[in-house]
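S.K.: Structure incoming, see below.
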Amino acid sequence: MTPEVHHHGAEELCDAGLRIYARALQEGHLRSVDTAAAPCLIDNGILHPAVDDLDRLEPVPPTVALQRLLRSSEDRIADERRRGQRMADVFEPLIRLRPANVPHEDTPALRILSSKKRTGQAIEEAMAEGRRELLAIQPHDSHVSKHPDILEGAMERDQAFLDRGARMRALYQHTARHAPYQRVRYERLTGDVEARTLDEVTDRLIIIDRTVAFIPASADRSLALEVRHPALITYFVSTFDRLWRLATPMHPQAVEQPTLNGITPRQHAIAALLVEGHTDNVIAERLGMNVRTARVHIAKLAATLGSESRAQLGYLIGQSGILDREG
């Protein structure tokens, strides 16, 4: 009776393969006839012929086998990503084409921008046409802050927008107050421009003339979504306005003034995130600071509340009542 042959991906092992591989590890070797039900073991190099006897198959150590399978899986994922990018590149110009029966002045309500470069170009084009207003939510981005050329280009673009009589409103995290490039930016920009800050903001959002908005479409922000649907624009503007009313105007005075109970607004925000169970990395990202700074604030909060451990800190935050009132 011919044994059943299992077909599967190169990065996988079938049940028969696992059983045969385990037997080979226990016995030290197998004959080729014993592996007929799982040719994947030989294809993946998990079993290999002995130098002095080609019919004798010897197993590689499990750690080596695991590395080979993981490498195969990583290669497959990389290939899929490259394939997805190629498809996006092919379809991006096609998305711009309009059916013959659609008026030329009509524009897509949603459009995928398949790279950071294309996103930047689309924003610049929209701002070049804009005449009234730009609303922006800008979370901390360490990459941008380290590239003066990007910042200078944005300054020139924004000043040209303001020079046409438009206004600009921008929301940042409180940590932006201490960023030198942000202080320089708002010292140099002239016109109807204002910035405010919050402990936390939403993901990046840019709205121009209340007719077009740009939001991230992937976690790494390599993809963006250009939105022109009136209902979505109205929703974005409403969200911005509500956050704007809650935000603090960006002025030279810091927002780290201690409260009556000795807990600063920054520590208050961290305490809320700690109680929710977030890690140091997530807290740092949401508040726009590096992990080291976040841990310094956590240590100060723990010292203020008299906590000796992370678990006790969560308990003391709850008992202190600091989250029951404004920080």
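By order in the structure tokens, chains are A, B, ...; within a chain, residues start at 1; ligands start at 1, following the order shown.
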Report as a ChimeraX atom specification all protein, DNA and RNA residues lying within 10 Å of Phe240 of chain A, evaluated on only C-alpha atoms, omitting residues in the same chain fewer than 3 positions from it.
M.R.: /A:135-137,169-171,201-202,205-207,234-237,243-245
S.K.: Which residues are near segment 49-60 of chain A? Cut-off 12 Å, only C-alpha atoms, ignore same chain within fewer than 4 positions. Put them as a PyMOL selection string.
M.R.: chain A and resi 17-18+20-36+39+41-45+64-68
S.K.: Using N, CA and C atoms, can you write the selected residues to a file as a tab-separated table (two decimals), in the first residue's frame?
M.R.:
```
chain	number	residue	atom	x	y	z
A	17	GLY	N	5.34	14.10	9.29
A	17	GLY	CA	6.72	14.56	9.32
A	17	GLY	C	7.24	14.72	10.73
A	18	LEU	N	6.41	15.27	11.61
A	18	LEU	CA	6.83	15.44	13.00
A	18	LEU	C	7.09	14.09	13.67
A	20	ILE	N	7.92	11.23	12.19
A	20	ILE	CA	9.12	10.61	11.61
A	20	ILE	C	10.38	11.31	12.10
A	21	TYR	N	10.32	12.64	12.20
A	21	TYR	CA	11.48	13.41	12.67
A	21	TYR	C	11.80	13.05	14.12
A	22	ALA	N	10.76	12.92	14.96
A	22	ALA	CA	10.98	12.54	16.36
A	22	ALA	C	11.62	11.16	16.44
A	23	ARG	N	11.16	10.25	15.59
A	23	ARG	CA	11.74	8.90	15.59
A	23	ARG	C	13.20	8.94	15.16
A	24	ALA	N	13.51	9.78	14.15
A	24	ALA	CA	14.89	9.88	13.68
A	24	ALA	C	15.79	10.44	14.78
A	25	LEU	N	15.28	11.40	15.56
A	25	LEU	CA	16.08	11.96	16.65
A	25	LEU	C	16.34	10.90	17.73
A	26	GLN	N	15.34	10.06	17.99
A	26	GLN	CA	15.49	9.03	19.02
A	26	GLN	C	16.45	7.93	18.58
A	27	GLU	N	16.33	7.53	17.29
A	27	GLU	CA	17.13	6.40	16.82
A	27	GLU	C	18.46	6.83	16.19
A	28	GLY	N	18.60	8.10	15.89
A	28	GLY	CA	19.86	8.58	15.33
A	28	GLY	C	19.87	8.60	13.81
A	29	HIS	N	19.06	7.74	13.16
A	29	HIS	CA	18.99	7.71	11.70
A	29	HIS	C	17.79	6.87	11.28
A	30	LEU	N	17.42	7.00	10.01
A	30	LEU	CA	16.36	6.19	9.41
A	30	LEU	C	16.78	5.80	8.01
A	31	ARG	N	16.12	4.77	7.46
A	31	ARG	CA	16.32	4.43	6.06
A	31	ARG	C	15.37	5.29	5.22
A	32	SER	N	15.70	5.54	4.01
A	32	SER	CA	14.90	6.41	3.15
A	32	SER	C	13.47	5.89	3.00
A	33	VAL	N	13.29	4.55	3.01
A	33	VAL	CA	11.96	3.98	2.86
A	33	VAL	C	11.06	4.37	4.02
A	34	ASP	N	11.66	4.65	5.19
A	34	ASP	CA	10.88	5.00	6.37
A	34	ASP	C	10.31	6.42	6.30
A	35	THR	N	10.78	7.22	5.36
A	35	THR	CA	10.36	8.63	5.29
A	35	THR	C	9.49	8.93	4.09
A	36	ALA	N	9.02	7.87	3.41
A	36	ALA	CA	8.24	8.08	2.18
A	36	ALA	C	6.98	8.89	2.42
A	39	PRO	N	8.04	13.46	2.53
A	39	PRO	CA	9.20	13.95	1.75
A	39	PRO	C	9.61	15.36	2.14
A	41	LEU	N	10.58	16.37	4.90
A	41	LEU	CA	11.74	16.32	5.77
A	41	LEU	C	13.03	16.42	4.98
A	42	ILE	N	13.05	15.80	3.82
A	42	ILE	CA	14.24	15.86	2.97
A	42	ILE	C	14.26	17.18	2.20
A	43	ASP	N	13.10	17.62	1.72
A	43	ASP	CA	13.02	18.88	0.97
A	43	ASP	C	13.48	20.06	1.81
A	44	ASN	N	13.15	20.03	3.09
A	44	ASN	CA	13.54	21.12	3.99
A	44	ASN	C	14.92	20.92	4.60
A	45	GLY	N	15.56	19.82	4.28
A	45	GLY	CA	16.89	19.56	4.82
A	45	GLY	C	16.90	19.15	6.27
A	64	VAL	N	18.43	23.74	14.67
A	64	VAL	CA	18.76	24.05	13.27
A	64	VAL	C	17.51	23.92	12.40
A	65	ALA	N	16.71	22.87	12.66
A	65	ALA	CA	15.48	22.68	11.89
A	65	ALA	C	14.53	23.86	12.08
A	66	LEU	N	14.41	24.33	13.32
A	66	LEU	CA	13.52	25.46	13.60
A	66	LEU	C	13.98	26.71	12.86
A	67	GLN	N	15.29	26.97	12.87
A	67	GLN	CA	15.81	28.15	12.17
A	67	GLN	C	15.52	28.09	10.68
A	68	ARG	N	15.64	26.90	10.10
A	68	ARG	CA	15.38	26.77	8.67
A	68	ARG	C	13.91	27.03	8.34
```
S.K.: Return the single residue from A:Pro230, A:Pro108, A:Gly120, A:Pro265 that is closest to Thr175 of chain A, with distances computed using only C-alpha atoms.
M.R.: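 Result for the nearest residue to Thr175 of chain A: A:Pro265.
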S.K.: Could you write out, as a list in words, all the residues of segment 174-245 of chain A that DSSP marks as strand (DSSP E)?
M.R.: Asp192, Val193, Glu194, Ala195, Arg196, Thr197, Leu198, Leu205, Ile206, Ile207, Ile208, Val212, Ala213, Phe214, Ile215, Pro216, Ala224, Leu225, Glu226 and Val227 of chain A
S.K.: So that I can see what lies close to Val296 of chain A, please list as number ranges by chain the residues with an atom at most 12 Å from it, counting only C-alpha atoms and leaving out residues fewer than 6 positions away in the same chain.
M.R.: A: 266-267, 270, 280, 284, 289-290, 302-303
S.K.: DSSP on the backbone: what in segment 24-70 of chain A comes out helix (DSSP H, G or I), as a list of chain:residue names?
M.R.: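 DSSP-assigned helix (DSSP H, G or I) residues in segment 24-70 of chain A: A:Ala24, A:Leu25, A:Gln26, A:Glu27, A:Ser32, A:Val33, A:Asp34, A:Thr35, A:Cys40, A:Leu41, A:Ile42, A:Asp43, A:Pro62, A:Thr63, A:Val64, A:Ala65, A:Leu66, A:Gln67, A:Arg68, A:Leu69, A:Leu70.
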S.K.: Pull all heavy atoms from the residues just selected and write them as a short mmCIF file (atom, residue, chain, number, x, y, z; two decimals), in the first residue's frame.
M.R.:
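Okay, this is what ended up in selection-v4.cif:
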```cif
data_model
loop_
_atom_site.label_atom_id
_atom_site.label_comp_id
_atom_site.auth_asym_id
_atom_site.auth_seq_id
_atom_site.Cartn_x
_atom_site.Cartn_y
_atom_site.Cartn_z
N ALA A 24 13.51 9.78 14.15
CA ALA A 24 14.89 9.88 13.68
C ALA A 24 15.79 10.44 14.78
O ALA A 24 16.95 10.02 14.92
CB ALA A 24 14.95 10.77 12.44
N LEU A 25 15.28 11.40 15.56
CA LEU A 25 16.08 11.96 16.65
C LEU A 25 16.34 10.90 17.73
O LEU A 25 17.44 10.83 18.31
CB LEU A 25 15.35 13.17 17.27
CG LEU A 25 15.28 14.43 16.40
CD1 LEU A 25 14.36 15.46 17.04
CD2 LEU A 25 16.68 15.03 16.21
N GLN A 26 15.34 10.06 17.99
CA GLN A 26 15.49 9.03 19.02
C GLN A 26 16.45 7.93 18.58
O GLN A 26 17.27 7.45 19.36
CB GLN A 26 14.12 8.43 19.35
CG GLN A 26 13.18 9.41 20.06
CD GLN A 26 11.77 8.87 20.20
OE1 GLN A 26 11.38 7.96 19.46
NE2 GLN A 26 11.01 9.42 21.13
N GLU A 27 16.33 7.53 17.29
CA GLU A 27 17.13 6.40 16.82
C GLU A 27 18.46 6.83 16.19
O GLU A 27 19.32 5.99 15.94
CB GLU A 27 16.31 5.60 15.79
CG GLU A 27 15.02 5.03 16.39
CD GLU A 27 14.22 4.24 15.37
OE1 GLU A 27 14.75 4.01 14.25
OE2 GLU A 27 13.08 3.85 15.69
N SER A 32 15.70 5.54 4.01
CA SER A 32 14.90 6.41 3.15
C SER A 32 13.47 5.89 3.00
O SER A 32 12.52 6.67 2.87
CB SER A 32 15.56 6.56 1.78
OG SER A 32 15.73 5.29 1.17
N VAL A 33 13.29 4.55 3.01
CA VAL A 33 11.96 3.98 2.86
C VAL A 33 11.06 4.37 4.02
O VAL A 33 9.84 4.45 3.88
CB VAL A 33 12.03 2.45 2.71
CG1 VAL A 33 12.51 1.82 4.02
CG2 VAL A 33 10.69 1.88 2.29
N ASP A 34 11.66 4.65 5.19
CA ASP A 34 10.88 5.00 6.37
C ASP A 34 10.31 6.42 6.30
O ASP A 34 9.46 6.79 7.11
CB ASP A 34 11.74 4.88 7.63
CG ASP A 34 12.23 3.46 7.86
OD1 ASP A 34 11.48 2.52 7.49
OD2 ASP A 34 13.34 3.29 8.39
N THR A 35 10.78 7.22 5.36
CA THR A 35 10.36 8.63 5.29
C THR A 35 9.49 8.93 4.09
O THR A 35 9.22 10.09 3.78
CB THR A 35 11.60 9.54 5.22
OG1 THR A 35 12.29 9.31 3.99
CG2 THR A 35 12.55 9.26 6.39
N CYS A 40 8.73 16.08 2.87
CA CYS A 40 9.07 17.44 3.30
C CYS A 40 10.30 17.46 4.18
O CYS A 40 11.04 18.45 4.22
CB CYS A 40 7.89 18.06 4.04
SG CYS A 40 7.30 17.07 5.44
N LEU A 41 10.58 16.37 4.90
CA LEU A 41 11.74 16.32 5.77
C LEU A 41 13.03 16.42 4.98
O LEU A 41 13.98 17.09 5.40
CB LEU A 41 11.73 15.02 6.59
CG LEU A 41 10.56 14.87 7.58
CD1 LEU A 41 10.58 13.48 8.20
CD2 LEU A 41 10.63 15.95 8.65
N ILE A 42 13.05 15.80 3.82
CA ILE A 42 14.24 15.86 2.97
C ILE A 42 14.26 17.18 2.20
O ILE A 42 15.31 17.82 2.06
CB ILE A 42 14.27 14.66 2.01
CG1 ILE A 42 14.34 13.35 2.83
CG2 ILE A 42 15.46 14.76 1.06
CD1 ILE A 42 14.29 12.11 1.98
N ASP A 43 13.10 17.62 1.72
CA ASP A 43 13.02 18.88 0.97
C ASP A 43 13.48 20.06 1.81
O ASP A 43 14.13 20.99 1.30
CB ASP A 43 11.59 19.12 0.48
CG ASP A 43 11.14 18.08 -0.53
OD1 ASP A 43 12.03 17.42 -1.13
OD2 ASP A 43 9.92 17.91 -0.72
N PRO A 62 17.18 19.87 16.39
CA PRO A 62 15.91 20.63 16.35
C PRO A 62 16.10 22.14 16.24
O PRO A 62 15.32 22.81 15.59
CB PRO A 62 15.24 20.25 17.67
CG PRO A 62 15.80 18.90 18.01
CD PRO A 62 17.22 18.93 17.54
N THR A 63 17.14 22.69 16.90
CA THR A 63 17.35 24.14 16.81
C THR A 63 17.66 24.56 15.38
O THR A 63 17.21 25.61 14.91
CB THR A 63 18.50 24.57 17.73
OG1 THR A 63 19.67 23.77 17.42
CG2 THR A 63 18.13 24.37 19.19
N VAL A 64 18.43 23.74 14.67
CA VAL A 64 18.76 24.05 13.27
C VAL A 64 17.51 23.92 12.40
O VAL A 64 17.24 24.76 11.53
CB VAL A 64 19.87 23.11 12.76
CG1 VAL A 64 20.13 23.34 11.27
CG2 VAL A 64 21.14 23.31 13.57
N ALA A 65 16.71 22.87 12.66
CA ALA A 65 15.48 22.68 11.89
C ALA A 65 14.53 23.86 12.08
O ALA A 65 13.92 24.35 11.12
CB ALA A 65 14.80 21.38 12.31
N LEU A 66 14.41 24.33 13.32
CA LEU A 66 13.52 25.46 13.60
C LEU A 66 13.98 26.71 12.86
O LEU A 66 13.17 27.44 12.27
CB LEU A 66 13.48 25.72 15.10
CG LEU A 66 12.65 26.93 15.56
CD1 LEU A 66 11.20 26.79 15.13
CD2 LEU A 66 12.76 27.12 17.07
N GLN A 67 15.29 26.97 12.87
CA GLN A 67 15.81 28.15 12.17
C GLN A 67 15.52 28.09 10.68
O GLN A 67 15.17 29.09 10.06
CB GLN A 67 17.32 28.27 12.42
CG GLN A 67 17.67 28.66 13.86
CD GLN A 67 19.16 28.65 14.10
OE1 GLN A 67 19.95 28.32 13.22
NE2 GLN A 67 19.56 29.01 15.31
N ARG A 68 15.64 26.90 10.10
CA ARG A 68 15.38 26.77 8.67
C ARG A 68 13.91 27.03 8.34
O ARG A 68 13.58 27.70 7.36
CB ARG A 68 15.78 25.37 8.20
CG ARG A 68 17.29 25.15 8.17
CD ARG A 68 17.65 23.77 7.70
NE ARG A 68 19.09 23.58 7.68
CZ ARG A 68 19.69 22.43 7.39
NH1 ARG A 68 18.96 21.35 7.12
NH2 ARG A 68 21.01 22.35 7.38
N LEU A 69 13.02 26.50 9.17
CA LEU A 69 11.60 26.71 8.93
C LEU A 69 11.21 28.18 9.12
O LEU A 69 10.42 28.73 8.36
CB LEU A 69 10.78 25.82 9.86
CG LEU A 69 10.91 24.31 9.62
CD1 LEU A 69 10.13 23.53 10.66
CD2 LEU A 69 10.43 23.94 8.22
N LEU A 70 11.78 28.82 10.16
CA LEU A 70 11.48 30.23 10.39
C LEU A 70 12.01 31.09 9.25
O LEU A 70 11.35 32.04 8.82
CB LEU A 70 12.10 30.69 11.72
CG LEU A 70 11.44 30.15 12.99
CD1 LEU A 70 12.23 30.60 14.22
CD2 LEU A 70 10.00 30.59 13.09
#
```
S.K.: Can you measure atom CA of Thr197 of chain A to atom CA of Leu246 of chain A for me? One decimal in Å is fine.
M.R.: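 About the pair atom CA of Thr197 of chain A and atom CA of Leu246 of chain A: they are 8.9 Å apart.
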S.K.: For Leu198 of chain A, please output as a ChimeraX atom specification all residues within 7 Å (counting only C-alpha atoms; exclusion window: fewer than 6 positions along the same chain).
M.R.: /A:172-174,247-248
S.K.: Output N, CA, C and O atoms of each residue in that selection to a file, as a PDB file, in the first residue's frame.
M.R.:
```pdb
ATOM      1  N   TYR A 172      -0.788  68.904  19.536  1.00  0.00           N
ATOM      2  CA  TYR A 172       0.354  68.041  19.827  1.00  0.00           C
ATOM      3  C   TYR A 172       0.184  67.441  21.226  1.00  0.00           C
ATOM      4  O   TYR A 172      -0.684  67.847  21.996  1.00  0.00           O
ATOM      5  N   GLN A 173       1.074  66.506  21.555  1.00  0.00           N
ATOM      6  CA  GLN A 173       1.173  66.043  22.935  1.00  0.00           C
ATOM      7  C   GLN A 173       1.943  67.078  23.750  1.00  0.00           C
ATOM      8  O   GLN A 173       2.702  67.882  23.201  1.00  0.00           O
ATOM      9  N   HIS A 174       1.745  67.064  25.066  1.00  0.00           N
ATOM     10  CA  HIS A 174       2.404  68.049  25.926  1.00  0.00           C
ATOM     11  C   HIS A 174       3.924  68.050  25.749  1.00  0.00           C
ATOM     12  O   HIS A 174       4.563  69.095  25.919  1.00  0.00           O
ATOM     13  N   ALA A 247      -7.735  71.228  24.947  1.00  0.00           N
ATOM     14  CA  ALA A 247      -6.283  71.370  24.926  1.00  0.00           C
ATOM     15  C   ALA A 247      -5.829  72.672  25.572  1.00  0.00           C
ATOM     16  O   ALA A 247      -6.594  73.621  25.745  1.00  0.00           O
ATOM     17  N   THR A 248      -4.542  72.699  25.920  1.00  0.00           N
ATOM     18  CA  THR A 248      -3.926  73.866  26.548  1.00  0.00           C
ATOM     19  C   THR A 248      -3.115  74.634  25.524  1.00  0.00           C
ATOM     20  O   THR A 248      -2.289  74.043  24.824  1.00  0.00           O
TER      21      THR A 248
END
```
S.K.: Need to verify the contact set: Phe214 of chain A, 8 Å, only C-alpha atoms, exclusion of same-chain residues closer than 2 positions in sequence. Can you return it as number ranges by chain?
M.R.: A: 123, 205-207, 212, 216, 224-227
S.K.: Go ahead and save the picked residues with C-alpha atoms, as a PDB file, in the first residue's frame.
M.R.:
```pdb
ATOM      1  CA  ILE A 123      -0.732  66.925   1.084  1.00  0.00           C
ATOM      2  CA  LEU A 205      -4.889  63.759  11.057  1.00  0.00           C
ATOM      3  CA  ILE A 206      -4.661  66.604   8.544  1.00  0.00           C
ATOM      4  CA  ILE A 207      -7.774  68.432   7.309  1.00  0.00           C
ATOM      5  CA  VAL A 212     -10.033  66.766   2.203  1.00  0.00           C
ATOM      6  CA  PRO A 216      -2.737  56.760   8.273  1.00  0.00           C
ATOM      7  CA  ALA A 224      -2.268  56.768   3.936  1.00  0.00           C
ATOM      8  CA  LEU A 225      -5.899  57.377   3.104  1.00  0.00           C
ATOM      9  CA  GLU A 226      -7.029  60.523   1.327  1.00  0.00           C
ATOM     10  CA  VAL A 227     -10.621  61.203   2.399  1.00  0.00           C
TER      11      VAL A 227
END
```
S.K.: Measuring between only C-alpha atoms, which one of A:Leu113, A:Ala78, A:Ile263, A:Leu316 shows the shortest distance to Ser218 of chain A?
M.R.: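 Of all the options, A:Leu113 lies closest to Ser218 of chain A.
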S.K.: Please provide the set of residues having any atom within 12 Å of Ile317 of chain A, restricted to only C-alpha atoms, with same-chain residues fewer than 3 positions apart removed, written as an mmCIF file with N, CA and C atoms, in the first residue's frame.
M.R.:
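Dumped everything to out-v6.cif:
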```
data_model
loop_
_atom_site.group_PDB
_atom_site.id
_atom_site.type_symbol
_atom_site.label_atom_id
_atom_site.label_comp_id
_atom_site.auth_asym_id
_atom_site.auth_seq_id
_atom_site.Cartn_x
_atom_site.Cartn_y
_atom_site.Cartn_z
ATOM 1 N N ILE A 263 0.934 65.445 42.730
ATOM 2 C CA ILE A 263 0.957 64.679 41.475
ATOM 3 C C ILE A 263 0.851 65.653 40.309
ATOM 4 N N GLN A 267 2.188 62.990 35.518
ATOM 5 C CA GLN A 267 2.076 61.776 36.330
ATOM 6 C C GLN A 267 0.630 61.302 36.423
ATOM 7 N N HIS A 268 -0.296 62.259 36.419
ATOM 8 C CA HIS A 268 -1.720 61.913 36.436
ATOM 9 C C HIS A 268 -2.073 61.125 35.173
ATOM 10 N N ALA A 269 -1.584 61.589 34.014
ATOM 11 C CA ALA A 269 -1.858 60.884 32.756
ATOM 12 C C ALA A 269 -1.226 59.495 32.762
ATOM 13 N N ILE A 270 -0.014 59.406 33.305
ATOM 14 C CA ILE A 270 0.668 58.104 33.374
ATOM 15 C C ILE A 270 -0.075 57.170 34.317
ATOM 16 N N ALA A 271 -0.551 57.697 35.418
ATOM 17 C CA ALA A 271 -1.284 56.869 36.384
ATOM 18 C C ALA A 271 -2.513 56.243 35.733
ATOM 19 N N ALA A 272 -3.226 57.035 34.910
ATOM 20 C CA ALA A 272 -4.423 56.506 34.243
ATOM 21 C C ALA A 272 -4.060 55.361 33.311
ATOM 22 N N LEU A 273 -2.941 55.492 32.609
ATOM 23 C CA LEU A 273 -2.523 54.434 31.680
ATOM 24 C C LEU A 273 -1.999 53.212 32.428
ATOM 25 N N LEU A 274 -1.340 53.429 33.565
ATOM 26 C CA LEU A 274 -0.857 52.303 34.376
ATOM 27 C C LEU A 274 -2.020 51.459 34.878
ATOM 28 N N VAL A 275 -3.065 52.132 35.343
ATOM 29 C CA VAL A 275 -4.228 51.411 35.860
ATOM 30 C C VAL A 275 -4.893 50.601 34.748
ATOM 31 N N GLU A 276 -4.817 51.100 33.521
ATOM 32 C CA GLU A 276 -5.378 50.353 32.389
ATOM 33 C C GLU A 276 -4.516 49.162 31.991
ATOM 34 N N ILE A 298 7.331 57.445 36.084
ATOM 35 C CA ILE A 298 6.712 56.364 36.850
ATOM 36 C C ILE A 298 7.403 56.209 38.201
ATOM 37 N N LEU A 301 6.278 59.005 40.426
ATOM 38 C CA LEU A 301 4.916 58.749 40.880
ATOM 39 C C LEU A 301 4.921 57.710 41.998
ATOM 40 N N ALA A 302 5.723 56.647 41.811
ATOM 41 C CA ALA A 302 5.810 55.603 42.836
ATOM 42 C C ALA A 302 6.360 56.164 44.143
ATOM 43 N N ALA A 303 7.366 57.054 44.042
ATOM 44 C CA ALA A 303 7.947 57.640 45.253
ATOM 45 C C ALA A 303 6.929 58.532 45.968
ATOM 46 N N THR A 304 6.151 59.288 45.189
ATOM 47 C CA THR A 304 5.149 60.175 45.782
ATOM 48 C C THR A 304 4.087 59.373 46.538
ATOM 49 N N LEU A 305 3.678 58.238 45.968
ATOM 50 C CA LEU A 305 2.623 57.426 46.583
ATOM 51 C C LEU A 305 3.169 56.399 47.572
ATOM 52 N N GLY A 306 4.505 56.291 47.660
ATOM 53 C CA GLY A 306 5.105 55.348 48.597
ATOM 54 C C GLY A 306 5.030 53.911 48.142
ATOM 55 N N SER A 307 5.065 53.697 46.838
ATOM 56 C CA SER A 307 4.971 52.337 46.303
ATOM 57 C C SER A 307 6.347 51.690 46.217
ATOM 58 N N ARG A 310 5.546 47.509 41.182
ATOM 59 C CA ARG A 310 4.601 47.902 40.133
ATOM 60 C C ARG A 310 3.169 47.505 40.517
ATOM 61 N N ALA A 311 3.017 46.316 41.079
ATOM 62 C CA ALA A 311 1.681 45.861 41.483
ATOM 63 C C ALA A 311 1.118 46.753 42.576
ATOM 64 N N GLN A 312 1.962 47.109 43.546
ATOM 65 C CA GLN A 312 1.503 47.968 44.638
ATOM 66 C C GLN A 312 1.173 49.360 44.117
ATOM 67 N N LEU A 313 1.899 49.827 43.107
ATOM 68 C CA LEU A 313 1.649 51.154 42.550
ATOM 69 C C LEU A 313 0.242 51.240 41.988
ATOM 70 N N GLY A 314 -0.172 50.203 41.239
ATOM 71 C CA GLY A 314 -1.530 50.201 40.699
ATOM 72 C C GLY A 314 -2.568 50.271 41.797
ATOM 73 N N SER A 320 -5.588 56.193 46.154
ATOM 74 C CA SER A 320 -5.314 57.613 46.362
ATOM 75 C C SER A 320 -6.435 58.509 45.886
ATOM 76 N N GLY A 321 -7.220 58.026 44.939
ATOM 77 C CA GLY A 321 -8.314 58.840 44.418
ATOM 78 C C GLY A 321 -7.878 59.888 43.413
ATOM 79 N N ILE A 322 -6.613 59.846 42.963
ATOM 80 C CA ILE A 322 -6.135 60.894 42.049
ATOM 81 C C ILE A 322 -6.806 60.811 40.689
ATOM 82 N N LEU A 323 -7.344 59.642 40.340
ATOM 83 C CA LEU A 323 -8.017 59.517 39.050
ATOM 84 C C LEU A 323 -9.491 59.908 39.145
ATOM 85 N N ASP A 324 -9.965 60.203 40.356
ATOM 86 C CA ASP A 324 -11.365 60.594 40.515
ATOM 87 C C ASP A 324 -11.587 62.082 40.304
#
```
S.K.: Given the choices A:His140, A:Ile233, A:Glu124, A:Val90, which gets closest to His178 of chain A if the distance is worked out from only C-alpha atoms?
M.R.: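 Of the candidates, the smallest distance to His178 of chain A is held by A:His140.
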S.K.: Can you tell me how far atom CA of Ala299 of chain A sits from atom CA of Thr264 of chain A, in Å to one decimal?
M.R.: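 Atom-to-atom, atom CA of Ala299 of chain A and atom CA of Thr264 of chain A are spaced 12.9 Å apart.
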